[in-house]
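To start, the structure under review is shown below, and the notes come after it.
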4 protein chains.
Amino acid sequence: MRGKSTTPRKLPTQTRSRQTVATILEAAAQVLMRNGYDRTTTNLVAEKAGVSIGSLYEYFPNKEALVAALASAHIDELIARIDNALQISEEETPSSFVGALIRAGLDAHRVNPALHKVLVEQVPRIGGLAESLDIQTVLQQKIEHGLHERSPHLPPTRARMIALVLETCIEALTHRAIVEKPDWLETGEIEAEAQLLLEPYFQGAL
Amino acid sequence: MRGKSTTPRKLPTQTRSRQTVATILEAAAQVLMRNGYDRTTTNLVAEKAGVSIGSLYEYFPNKEALVAALASAHIDELIARIDNALQISEEETPSSFVGALIRAGLDAHRVNPALHKVLVEQVPRIGGLAESLDIQTVLQQKIEHGLHERSPHLPPTRARMIALVLETCIEALTHRAIVEKPDWLETGEIEAEAQLLLEPYFQGAL
Amino acid sequence: MRGKSTTPRKLPTQTRSRQTVATILEAAAQVLMRNGYDRTTTNLVAEKAGVSIGSLYEYFPNKEALVAALASAHIDELIARIDNALQISEEETPSSFVGALIRAGLDAHRVNPALHKVLVEQVPRIGGLAESLDIQTVLQQKIEHGLHERSPHLPPTRARMIALVLETCIEALTHRAIVEKPDWLETGEIEAEAQLLLEPYFQGAL
Amino acid sequence: MRGKSTTPRKLPTQTRSRQTVATILEAAAQVLMRNGYDRTTTNLVAEKAGVSIGSLYEYFPNKEALVAALASAHIDELIARIDNALQISEEETPSSFVGALIRAGLDAHRVNPALHKVLVEQVPRIGGLAESLDIQTVLQQKIEHGLHERSPHLPPTRARMIALVLETCIEALTHRAIVEKPDWLETGEIEAEAQLLLEPYFQGAL
DNA sequence: GATGAATGAGTCTTCATTCAT
DNA sequence: TATGAATGAAGACTCATTCAT
């Protein structure tokens, strides 16, 4: 059972099919969030979607592929959000750059956090999927890119390390806040605290 | 089956049975690390342990209890390590305190990291277990305590926030390094980088 | 697992599935009669039915529900028989009424007595099922009704007692005859003896 | 597993052994009454008895033998009670004889009715055991004997039938009362009703 | 394409029974 | 004799997946 293909079985070209796929994915998200991965059964997803189990398998070769598709869509949304957050505040001071990064991290976590949690924590490491699920990869590359623009002379190794540190801490603090003190997200408390922590580090590193 | 008891079924009194329990736990750890929680079957664990399935259930009322026992033992080891790391460097400078914290975090992660990973990431939230599995709780309380000793006037709310930030970042950076660049642990690179990040923050916060 | 649902899982709509359900029930009856409740395994029933174990659980959520369905069908047959026996001899003399009752009791016991025996004696009291399994409830109510029609002035308490006595004795004698002297059922011996016992009692009671 | 011996493994000759056996049987009765046959495990019985499971199997070759021994002891008590009840009222009128029979039946049912119920209803027909468990056999023979003394000319076939009818109805009414209206036993209601039913029959039959 | 009945390998778990100490 | 650790056959039940219609 190792080499399970996680590629969708067929591309839905017709409108009706695309609608069906969307419905299934939506149902899958619901069930996944309510029940967790283990208790998510393909039959249940099909039922919730108002679609026969046969139809589900018409579009997704197996359970993993279904979840993979869901995760993929989720990641796309994440990236869009991050891009957006970074573009909005394109100011040039280091302070505002760090601030933008933090806001991007927070924003990304506002995309269906419940689904994100299940996908990250419960999905039993579906073939190389989980790794890219973390906002890490996405955000980190953006940071590296931004660093290079700001300080072209920075050695790549150094840039990578700084990006990793920034990304890791933003991600971790955001995640922690979500889990433990969701209201901190509203009050802007972690946002401020993160700035307090990361800005000096960023300044010193350039 | 929500309310599953995770209490061991009976305490092994005789030498023979204590040996059996140890063997089972060892096998469980192996299987868990190799297969992940879902693909860990009680029958497989028993077989690997060279013990009948009946014997396993003699001591553990169910699969969850088995994993819970394993986790419990793991946590104990973690705490011991952290205590140890913090006691060794009891120096008084903020710099050395932060250094000790970082080293404690790193040290803790050296206790069977593979098992730790499965326990943290894959265990489907066994009754309130996962929460305390993170080194978070343990380390964070140590930090809060240390802060209070150093700056008795610090408001508790503030102390808690600082502790949370320190702990979260140490944990996250360590974890990240383990997963992505295990050699950084040896070279002391993240240790240094973490110090670079956290010391100024800590100093400013006092 | 105390509160086990004994409700059928889904109603078979298609012809094919209805056939499957029928086959399963038939097999269940066979196995139950041959092996008794304890030695009746769902796997064995499925095998005997030439159906996969999964199909069995498609329609019956658990073993008890399977037996419950069987019992339910059996009870329906019983009631039909009793109704029939009572309607046939609608004559008005007390003697013929008692005779009709006795014949109804005997008739009821001719509906698959082997299955009846297992259901009554071996079924470990499946949720409120056993109570209504006895022909008691059914027959007794018919008797009470008949008494009320014949002697409207009879106090209800008294009517209930008489009905209970009549029903209990008919049931007991029939059951006893079946177990010990099945041929008495053919020769009409207990029928006569029951009449000898019950008619005077009935007459005196009105 | 068919031909299971229900004979006790060894006769306890020593006093200590006999005590152990008694303790086990007592525990078995408790567990049987509380849990029913299926949920009665030999391990639980041994534990309740404060005896090792090994010791239990020292005296009883298997679970069935254990229950059989219990049933056997229960039957002995029943017989003693019946004998007693019949002897007390040795009067000669048919009326008093019937009364004595009824009282004997009732009395017999007062011997540990809870255990009696489990033994009769739940024990999966342990090799020919259940049949003799009913008070039937015992009481019926007493009746036949009594009839023969009173009317030596009565054909044996006839005597048997009368005994069967009397016994069956007494047993059934008593049982029914116990299950449905336990207070009727105290008020003497069924006792009276049974007399009303059976005395005329008995008189006419002689 | 869609349907949903059918499949059956695979899980957890129990408990009567044995046997080394 | 007594102990209780160990055994393992067996049973209820799930759910991803297939395929005839």
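By order of appearance in the structure tokens: chains A, B, ..., then residues from 1 within every chain, and ligands from 1 in the order shown.
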Point to revise | Exercise answer, chain C residues close to chain F, 9 Å and only C-alpha atoms (C1' of nucleotides), as a PyMOL selection string | key: chain C and resi 41-43+54+57+61-63
Determine, using only C-alpha atoms, which residues of chain D have any atom at most 6 Å from an atom of chain C, and tabulate each with its shortest atom pair and distance in Å to one decimal place, rows ordered by chain and then rising number, as CSV.
residue,atom,partner,partner_atom,distance
D:Glu121,CA,C:Glu121,CA,5.9
D:Cys169,CA,C:Cys169,CA,5.4
D:Leu197,CA,C:Tyr201,CA,5.5
D:Tyr201,CA,C:Leu197,CA,5.5
Practice item. Run DSSP on the backbone of this structure and report the residues of stretch 19-68 of chain B it assigns to alpha helix (DSSP H), as a ChimeraX atom specification. Key: /B:19-35,42-48,53-59,63-68
Report as CSV the residues of chain C within 7 Å of chain E, each with its shortest atom pair and distance in Å (one decimal), using only C-alpha atoms (C1' of nucleotides), ordered by chain and increasing residue number.
residue,atom,partner,partner_atom,distance
C:Ser17,CA,E:DA5,C1',6.8
C:Ser52,CA,E:DT7,C1',6.2
C:Gly54,CA,E:DT7,C1',6.6
C:Ser55,CA,E:DA6,C1',6.1
Check your understanding: B:Leu70: which residues within 9 Å, counting only C-alpha atoms (C1' of nucleotides), same-chain residues fewer than 5 positions away excluded, as a ChimeraX atom specification?
Key -> /B:25-26,28-29,65,75,119
Practice item. Quick one: everything within 12 Å of stretch 138-151 of chain A, counting only C-alpha atoms (C1' of nucleotides), minus sequence neighbours fewer than 3 positions away in the same chain. Send it as a ChimeraX atom specification. Key: /A:75-87,90-94,97-98,100-109,131-135,154-171,202-203,205-206
Point to revise | Test item: residues at most 10 Å from A:Gly50, only C-alpha atoms (C1' of nucleotides), excluding those fewer than 4 positions along its chain, as a PyMOL selection string | key: chain A and resi 20+23-24+27+44-46
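The interatomic distance for the pair atom CA of A:Val67 and atom CA of A:Ile53 works out to 15.4 Å.
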